[in-house]
file target.txt (compact mmCIF, C-alpha atoms)
# COMPACT_ATOMS: atom_id res chain seq x y z
CA MET E 1 10.19 6.00 17.36
CA LYS E 2 13.07 5.15 15.04
CA LEU E 3 14.20 2.02 13.27
CA PRO E 4 17.84 1.02 13.78
CA LYS E 5 20.13 1.83 10.88
CA GLU E 6 20.26 -1.75 9.59
CA LEU E 7 16.49 -1.61 9.07
CA ARG E 8 16.03 2.08 8.42
CA ASP E 9 17.93 1.80 5.14
CA LYS E 10 15.65 -0.95 3.79
CA THR E 11 13.37 0.24 1.00
CA GLU E 12 11.16 -2.81 0.39
CA TRP E 13 8.87 -3.89 3.22
CA VAL E 14 5.95 -6.20 3.87
CA LEU E 15 3.43 -4.76 6.33
CA VAL E 16 1.36 -7.61 7.75
CA GLY E 17 -2.04 -6.69 9.16
CA PRO E 18 -4.52 -8.58 11.34
CA MET E 19 -6.83 -9.95 8.64
CA GLY E 20 -4.54 -12.77 7.43
CA PRO E 21 -4.08 -15.25 5.87
CA ASP E 22 -0.55 -16.53 6.59
CA LEU E 23 2.18 -14.63 4.75
CA PRO E 24 3.49 -16.70 1.79
CA ASP E 25 7.16 -17.67 1.73
CA ARG E 26 7.88 -15.48 -1.29
CA PHE E 27 7.58 -12.35 0.84
CA TYR E 28 10.35 -13.32 3.25
CA ASP E 29 12.94 -11.96 0.83
CA PHE E 30 11.86 -8.52 2.13
CA SER E 31 11.86 -6.87 5.54
CA VAL E 32 8.68 -7.70 7.47
CA MET E 33 6.83 -5.42 9.88
CA ALA E 34 3.84 -6.89 11.71
CA VAL E 35 1.07 -4.44 12.60
CA ASP E 36 -0.46 -5.60 15.91
CA GLY E 37 -2.49 -8.77 15.18
CA GLY E 38 -0.55 -9.30 11.98
CA ALA E 39 2.00 -11.10 14.17
CA ARG E 40 -0.27 -14.16 14.08
CA PHE E 41 0.16 -14.49 10.31
CA THR E 42 3.91 -14.26 9.81
CA GLY E 43 6.60 -16.76 10.75
CA ARG E 44 9.27 -14.09 10.87
CA MET E 45 9.26 -10.36 11.49
CA ASN E 46 11.92 -7.67 11.71
CA ALA E 47 9.69 -5.37 13.75
CA TRP E 48 6.30 -5.27 15.45
CA VAL E 49 4.16 -2.17 15.95
CA GLY E 50 0.94 -2.20 17.94
CA ASP E 51 -1.14 -1.38 20.97
CA SER E 52 -2.03 -5.08 21.58
CA ASP E 53 -5.74 -4.64 20.98
CA SER E 54 -5.67 -7.51 18.45
CA PHE E 55 -2.54 -9.33 19.73
CA LYS E 56 -2.46 -9.56 23.50
CA LYS E 57 1.13 -10.67 24.03
CA ILE E 58 4.34 -8.83 23.20
CA PRO E 59 6.31 -10.65 20.47
CA GLU E 60 9.70 -12.06 21.43
CA ASN E 61 12.98 -12.01 19.50
CA THR E 62 12.04 -9.00 17.40
CA LEU E 63 12.11 -5.20 17.54
CA VAL E 64 9.02 -4.01 19.41
CA PHE E 65 7.27 -0.63 19.24
CA LYS E 66 4.55 -0.83 21.89
CA LEU E 67 1.90 1.85 21.43
CA SER E 68 -0.65 3.27 23.82
CA GLU E 69 -4.29 2.39 23.22
CA ASP E 70 -5.09 6.07 23.86
CA LYS E 71 -3.72 7.58 20.68
CA ASP E 72 -5.09 9.64 17.81
CA SER E 73 -3.75 7.54 14.92
CA SER E 74 -3.89 3.90 13.89
CA ASP E 75 -1.21 1.27 14.39
CA LEU E 76 -0.68 1.30 10.61
CA SER E 77 -0.16 5.06 10.63
CA CYS E 78 2.50 4.68 13.32
CA ALA E 79 4.17 1.88 11.37
CA LEU E 80 4.34 4.00 8.22
CA LYS E 81 5.94 6.87 10.16
CA LEU E 82 8.92 4.59 10.84
CA LEU E 83 9.67 4.63 7.09
CA ASP E 84 10.84 8.21 7.05
CA LEU E 85 13.67 8.40 4.53
CA GLN E 86 13.29 10.23 1.24
CA VAL E 87 13.83 7.11 -0.85
CA ASN E 88 11.70 5.10 -3.26
CA TYR E 89 9.82 2.63 -1.09
CA THR E 90 7.95 -0.46 -2.24
CA LEU E 91 5.41 -1.64 0.34
CA HIS E 92 3.52 -4.94 0.21
CA LEU E 93 0.32 -4.65 2.25
CA TRP E 94 -0.77 -8.10 3.45
CA GLY E 95 -3.67 -8.81 5.79
CA LEU E 96 -4.97 -5.25 5.49
CA SER E 97 -7.89 -5.91 3.14
CA GLY E 98 -11.36 -7.00 4.15
CA GLY E 99 -13.03 -6.75 7.51
CA ARG E 100 -14.70 -3.54 8.65
CA LYS E 101 -15.25 -1.08 5.82
CA ASP E 102 -14.19 1.93 7.89
CA HIS E 103 -10.90 0.22 8.79
CA GLU E 104 -10.15 -0.53 5.14
CA LEU E 105 -11.02 2.99 4.00
CA PHE E 106 -8.63 4.45 6.55
CA VAL E 107 -5.92 2.03 5.39
CA TRP E 108 -6.31 3.62 1.97
CA GLY E 109 -6.16 7.10 3.47
CA GLU E 110 -3.02 6.43 5.51
CA VAL E 111 -1.23 4.78 2.59
CA LEU E 112 -2.04 7.63 0.20
CA ALA E 113 -0.95 10.18 2.83
CA PHE E 114 2.36 8.30 3.10
CA LEU E 115 2.78 8.45 -0.68
CA GLU E 116 2.09 12.19 -0.64
CA LEU E 117 5.41 12.48 1.20
CA HIS E 118 7.20 9.83 -0.87
CA PRO E 119 6.92 10.45 -4.63
CA GLU E 120 8.12 7.59 -6.82
CA SER E 121 7.12 5.13 -4.09
CA LYS E 122 4.36 2.54 -4.36
CA ALA E 123 2.28 0.22 -2.18
CA ILE E 124 0.57 -2.99 -3.27
CA LEU E 125 -2.57 -4.17 -1.46
CA TYR E 126 -3.22 -7.92 -1.57
CA GLY E 127 -6.58 -9.61 -1.11
CA MET E 128 -7.47 -12.64 0.98
CA GLU E 129 -6.61 -14.97 -1.91
CA GLY E 130 -3.20 -13.38 -2.48
CA ASN E 131 -4.32 -11.47 -5.58
CA ILE E 132 -3.32 -7.85 -6.09
CA GLU E 133 -6.35 -5.68 -5.39
CA THR E 134 -4.88 -2.19 -5.62
CA HIS E 135 -1.72 -0.36 -6.61
CA PHE E 136 -1.18 2.87 -4.64
CA LEU E 137 1.24 5.17 -6.43
CA GLY E 138 3.15 8.27 -5.42
CA SER E 139 3.77 10.97 -8.01
CA GLY E 140 5.67 9.50 -10.92
CA HIS E 141 5.67 7.62 -14.21
CA TRP E 142 4.41 4.05 -13.94
CA LYS E 143 3.94 1.03 -16.21
CA PHE E 144 1.83 -2.07 -15.49
CA GLN E 145 0.66 -5.15 -17.34
CA HIS E 146 -3.04 -5.88 -16.86
CA GLN E 147 -5.81 -7.69 -18.68
CA GLY E 148 -9.30 -6.75 -17.56
CA ARG E 149 -11.13 -4.07 -15.64
CA PHE E 150 -9.48 -1.47 -13.46
CA SER E 151 -10.36 1.91 -11.98
CA LEU E 152 -8.12 4.94 -11.59
CA GLY E 153 -8.69 7.38 -8.77
CA SER E 154 -7.30 9.63 -6.08
CA LEU E 155 -8.45 11.07 -2.77
CA ARG E 156 -7.65 14.59 -3.93
CA LYS E 157 -7.65 16.49 -7.21
CA ILE E 158 -4.51 15.60 -9.17
CA ARG E 159 -3.17 15.80 -12.71
CA VAL E 160 -2.94 12.53 -14.63
CA LYS E 161 -2.19 11.11 -18.05
CA LEU E 162 -3.25 7.54 -18.88
CA THR E 163 -2.09 5.81 -22.05
CA GLY E 164 -1.10 2.37 -23.30
CA ASP E 165 -3.40 -0.55 -24.07
CA VAL E 166 -6.48 0.86 -22.34
CA LYS E 167 -10.01 1.31 -23.64
CA TYR E 168 -10.43 4.83 -22.27
CA PRO E 169 -7.11 6.71 -22.36
CA ILE E 170 -6.47 10.19 -21.01
CA LYS E 171 -4.18 11.29 -23.80
CA THR E 172 -3.33 14.75 -22.52
CA GLU E 173 -2.48 15.63 -18.93
CA SER E 174 -5.76 16.49 -17.23
CA TRP E 175 -7.21 17.20 -13.81
CA LEU E 176 -8.76 14.16 -12.15
CA PRO E 177 -11.12 15.25 -9.33
CA ALA E 178 -11.14 13.38 -6.02
CA LEU E 179 -12.94 10.02 -6.30
CA SER E 180 -14.27 11.00 -9.69
CA SER E 181 -16.24 8.39 -11.63
CA TRP E 182 -14.31 9.55 -14.70
CA GLY E 183 -11.71 6.93 -13.77
CA LEU E 184 -14.22 4.17 -13.03
CA SER E 185 -14.30 0.83 -14.92
CA ASN E 186 -11.63 1.15 -17.56
CA ILE E 187 -10.32 -1.93 -19.38
CA GLY E 188 -6.69 -2.88 -19.85
CA ASN E 189 -5.44 -5.14 -22.64
CA GLY E 190 -1.72 -5.16 -21.92
CA GLU E 191 0.53 -2.32 -20.86
CA ILE E 192 -0.96 0.52 -18.80
CA ILE E 193 1.07 3.73 -18.59
CA LEU E 194 0.20 6.25 -15.89
CA GLU E 195 1.75 9.64 -15.21
CA ASN E 196 0.43 11.26 -12.04
CA GLU E 197 1.22 14.42 -10.12
CA GLY E 198 -0.02 13.43 -6.68
CA PRO E 199 -0.92 10.08 -5.08
CA ALA E 200 -3.22 7.86 -7.13
CA PHE E 201 -4.54 4.33 -7.08
CA LEU E 202 -5.33 1.64 -9.64
CA HIS E 203 -7.94 -0.74 -8.29
CA TYR E 204 -8.54 -4.14 -9.92
CA PRO E 205 -12.01 -5.59 -9.21
CA GLY E 206 -10.88 -9.07 -10.29
CA ASP E 207 -7.68 -11.06 -9.93
CA LYS E 208 -4.46 -9.38 -11.04
CA GLU E 209 -1.81 -11.68 -12.50

call {"tool": "encode", "arguments": {"input": "target.txt", "output": "structure tokens"}}
result
Amino acid sequence: MKLPKELRDKTEWVLVGPMGPDLPDRFYDFSVMAVDGGARFTGRMNAWVGDSDSFKKIPENTLVFKLSEDKDSSDLSCALKLLDLQVNYTLHLWGLSGGRKDHELFVWGEVLAFLELHPESKAILYGMEGNIETHFLGSGHWKFQHQGRFSLGSLRKIRVKLTGDVKYPIKTESWLPALSSWGLSNIGNGEIILENEGPAFLHYPGDKE
């Protein structure tokens, strides 16, 4: 599967999943890819990827990648494989939070695997209320503004440095073990600066402005 050149060169995408709600107008400035049942929650899409298990009809007037139900990877995994250039991607993940816990955990796994191959890229997971729940970050140097609690983690052992207006900084580059509670429940009071060698995530348990 390949995107046509006019889409393949796009670096900022919204991936719309089946959990809803409707995609806000502000996201239509970007290219939109619906993942199966996500087609119900977007008024416009540049592409659709799915096996129709959560959206029974084939969308019209858009680029369609129809998948077999008998496959060994998720619709989201197949959608991410379409973004195959070595560029700095920004992905907005809408309608992919909530629902079955196993589904959401594997969303995290697929997104972090994508970022393993795309350093300096990031993905933003939005909650049901439109708040930012999680930043997923490829290797790089990142700055964020945040007031309140957050947790830093990774699915594999990586090197990190965490500075800025945080209660518990990591002032020298250190190894962060996979899903280590060392990164749990920090507090930001302004700018957060993260340097990471390997995919990481910042999870915000409350609303993120």

call {"tool": "atom_distance", "arguments": {"input": "target.txt", "atom1": "atom CA of E:Glu69", "atom2": "atom CA of E:Asp51"}}
result
5.4 Å

call {"tool": "atom_distance", "arguments": {"input": "target.txt", "atom1": "atom CA of E:Leu63", "atom2": "atom CA of E:Asp25"}}
result
20.7 Å

call {"tool": "closest_residue", "arguments": {"input": "target.txt", "among": "E:Met1, E:Val166, E:Leu105, E:Ile158", "to": "E:Lys81", "atoms": "only C-alpha atoms"}}
result
E:Met1

call {"tool": "closest_residue", "arguments": {"input": "target.txt", "among": "E:Leu176, E:Ile192, E:Val87, E:Val14", "to": "E:Ser154", "atoms": "all atoms listed in the file"}}
result
E:Leu176

call {"tool": "axis_aligned_box", "arguments": {"input": "target.txt", "around": "stretch 192-204 of chain E", "padding_each_side": "4 Å", "output": "lines of an AutoDock Vina configuration file"}}
result
center_x = -3.4
center_y = 5.1
center_z = -11.9
size_x = 18.3
size_y = 26.6
size_z = 21.7

call {"tool": "atom_distance", "arguments": {"input": "target.txt", "atom1": "atom CA of E:Pro205", "atom2": "atom CA of E:Arg149"}}
result
6.7 Å

call {"tool": "closest_residue", "arguments": {"input": "target.txt", "among": "E:Asn46, E:Gln145, E:Ser77, E:Ser31", "to": "E:Val64", "atoms": "only C-alpha atoms"}}
result
E:Asn46

call {"tool": "closest_residue", "arguments": {"input": "target.txt", "among": "E:Glu197, E:Glu6, E:Glu129, E:Asp53", "to": "E:Trp94", "atoms": "all atoms listed in the file"}}
result
E:Glu129

call {"tool": "closest_residue", "arguments": {"input": "target.txt", "among": "E:Tyr204, E:Trp13, E:Phe27, E:Phe65", "to": "E:Thr134", "atoms": "only C-alpha atoms"}}
result
E:Tyr204

call {"tool": "closest_residue", "arguments": {"input": "target.txt", "among": "E:Ser151, E:Asn189, E:Asn196, E:Ser52", "to": "E:Ser174", "atoms": "all atoms listed in the file"}}
result
E:Asn196

call {"tool": "residues_near_point", "arguments": {"input": "target.txt", "point": "(3.4, 2.0, -1.8)", "cutoff": "7 Å", "atoms": "only C-alpha atoms", "output": "number ranges by chain"}}
result
E: 89-91, 111, 115, 121-124, 136-137

call {"tool": "residues_around", "arguments": {"input": "target.txt", "residues": "E:Lys161", "least_positions_apart": "2", "cutoff": "12 Å", "atoms": "all atoms listed in the file", "output": "JSON, numbers by chain"}}
result
{"E": [139, 140, 141, 142, 143, 152, 153, 158, 159, 163, 164, 166, 168, 169, 170, 171, 172, 173, 174, 175, 176, 183, 192, 193, 194, 195, 196, 197, 198, 200]}

call {"tool": "residues_around", "arguments": {"input": "target.txt", "residues": "E:Met128", "least_positions_apart": "3", "cutoff": "10 Å", "atoms": "only C-alpha atoms", "output": "CSV table (one decimal) with C-alpha atoms, in the coordinates of the input"}}
result
chain,number,residue,atom,x,y,z
E,19,MET,CA,-6.8,-10.0,8.6
E,20,GLY,CA,-4.5,-12.8,7.4
E,21,PRO,CA,-4.1,-15.2,5.9
E,22,ASP,CA,-0.6,-16.5,6.6
E,94,TRP,CA,-0.8,-8.1,3.4
E,95,GLY,CA,-3.7,-8.8,5.8
E,96,LEU,CA,-5.0,-5.2,5.5
E,97,SER,CA,-7.9,-5.9,3.1
E,98,GLY,CA,-11.4,-7.0,4.2
E,131,ASN,CA,-4.3,-11.5,-5.6
E,132,ILE,CA,-3.3,-7.8,-6.1
E,133,GLU,CA,-6.4,-5.7,-5.4

call {"tool": "residues_around", "arguments": {"input": "target.txt", "residues": "E:Asp84", "least_positions_apart": "2", "cutoff": "10 Å", "atoms": "all atoms listed in the file", "output": "number ranges by chain"}}
result
E: 2-3, 8-9, 80-82, 86-87, 89, 114, 117-118

call {"tool": "build_atoms", "arguments": {"input": "target.txt", "residues": "stretch 34-57 of chain E", "atoms": "N, CA and C atoms", "output": "mmCIF file, keeping the file's coordinate frame"}}
result
data_model
loop_
_atom_site.group_PDB
_atom_site.id
_atom_site.type_symbol
_atom_site.label_atom_id
_atom_site.label_comp_id
_atom_site.auth_asym_id
_atom_site.auth_seq_id
_atom_site.Cartn_x
_atom_site.Cartn_y
_atom_site.Cartn_z
ATOM 1 N N ALA E 34 5.178 -6.474 11.318
ATOM 2 C CA ALA E 34 3.840 -6.890 11.710
ATOM 3 C C ALA E 34 3.138 -5.722 12.387
ATOM 4 N N VAL E 35 1.896 -5.499 12.001
ATOM 5 C CA VAL E 35 1.070 -4.440 12.600
ATOM 6 C C VAL E 35 0.086 -5.122 13.540
ATOM 7 N N ASP E 36 0.352 -5.019 14.831
ATOM 8 C CA ASP E 36 -0.460 -5.600 15.910
ATOM 9 C C ASP E 36 -0.801 -7.060 15.595
ATOM 10 N N GLY E 37 -2.074 -7.385 15.373
ATOM 11 C CA GLY E 37 -2.490 -8.770 15.180
ATOM 12 C C GLY E 37 -1.906 -9.444 13.956
ATOM 13 N N GLY E 38 -1.238 -8.698 13.112
ATOM 14 C CA GLY E 38 -0.550 -9.300 11.980
ATOM 15 C C GLY E 38 0.533 -10.275 12.405
ATOM 16 N N ALA E 39 0.983 -10.181 13.666
ATOM 17 C CA ALA E 39 2.000 -11.100 14.170
ATOM 18 C C ALA E 39 1.550 -12.554 14.116
ATOM 19 N N ARG E 40 0.239 -12.782 14.125
ATOM 20 C CA ARG E 40 -0.270 -14.160 14.080
ATOM 21 C C ARG E 40 -0.092 -14.790 12.708
ATOM 22 N N PHE E 41 0.182 -13.988 11.686
ATOM 23 C CA PHE E 41 0.160 -14.490 10.310
ATOM 24 C C PHE E 41 1.527 -14.459 9.628
ATOM 25 N N THR E 42 2.580 -14.241 10.389
ATOM 26 C CA THR E 42 3.910 -14.260 9.810
ATOM 27 C C THR E 42 4.843 -15.095 10.677
ATOM 28 N N GLY E 43 5.649 -15.931 10.020
ATOM 29 C CA GLY E 43 6.600 -16.760 10.750
ATOM 30 C C GLY E 43 7.867 -16.049 11.125
ATOM 31 N N ARG E 44 8.082 -14.886 10.548
ATOM 32 C CA ARG E 44 9.270 -14.090 10.870
ATOM 33 C C ARG E 44 8.916 -12.623 10.740
ATOM 34 N N MET E 45 9.456 -11.804 11.612
ATOM 35 C CA MET E 45 9.260 -10.360 11.490
ATOM 36 C C MET E 45 10.514 -9.645 11.962
ATOM 37 N N ASN E 46 10.802 -8.523 11.298
ATOM 38 C CA ASN E 46 11.920 -7.670 11.710
ATOM 39 C C ASN E 46 11.494 -6.658 12.753
ATOM 40 N N ALA E 47 10.197 -6.340 12.784
ATOM 41 C CA ALA E 47 9.690 -5.370 13.750
ATOM 42 C C ALA E 47 8.198 -5.617 13.955
ATOM 43 N N TRP E 48 7.728 -5.209 15.131
ATOM 44 C CA TRP E 48 6.300 -5.270 15.450
ATOM 45 C C TRP E 48 5.868 -3.924 15.991
ATOM 46 N N VAL E 49 4.716 -3.440 15.514
ATOM 47 C CA VAL E 49 4.160 -2.170 15.950
ATOM 48 C C VAL E 49 2.712 -2.399 16.347
ATOM 49 N N GLY E 50 2.332 -2.010 17.568
ATOM 50 C CA GLY E 50 0.940 -2.200 17.940
ATOM 51 C C GLY E 50 0.620 -1.782 19.353
ATOM 52 N N ASP E 51 -0.677 -1.701 19.618
ATOM 53 C CA ASP E 51 -1.140 -1.380 20.970
ATOM 54 C C ASP E 51 -1.746 -2.605 21.656
ATOM 55 N N SER E 52 -1.594 -3.786 21.031
ATOM 56 C CA SER E 52 -2.030 -5.080 21.580
ATOM 57 C C SER E 52 -3.543 -5.229 21.678
ATOM 58 N N ASP E 53 -4.298 -4.438 20.919
ATOM 59 C CA ASP E 53 -5.740 -4.640 20.980
ATOM 60 C C ASP E 53 -6.178 -5.857 20.162
ATOM 61 N N SER E 54 -5.344 -6.301 19.215
ATOM 62 C CA SER E 54 -5.670 -7.510 18.450
ATOM 63 C C SER E 54 -4.583 -8.578 18.581
ATOM 64 N N PHE E 55 -3.607 -8.344 19.456
ATOM 65 C CA PHE E 55 -2.540 -9.330 19.730
ATOM 66 C C PHE E 55 -2.088 -9.071 21.158
ATOM 67 N N LYS E 56 -2.552 -9.893 22.087
ATOM 68 C CA LYS E 56 -2.460 -9.560 23.500
ATOM 69 C C LYS E 56 -1.053 -9.716 24.095
ATOM 70 N N LYS E 57 -0.201 -10.507 23.470
ATOM 71 C CA LYS E 57 1.130 -10.670 24.030
ATOM 72 C C LYS E 57 2.146 -9.866 23.231
#
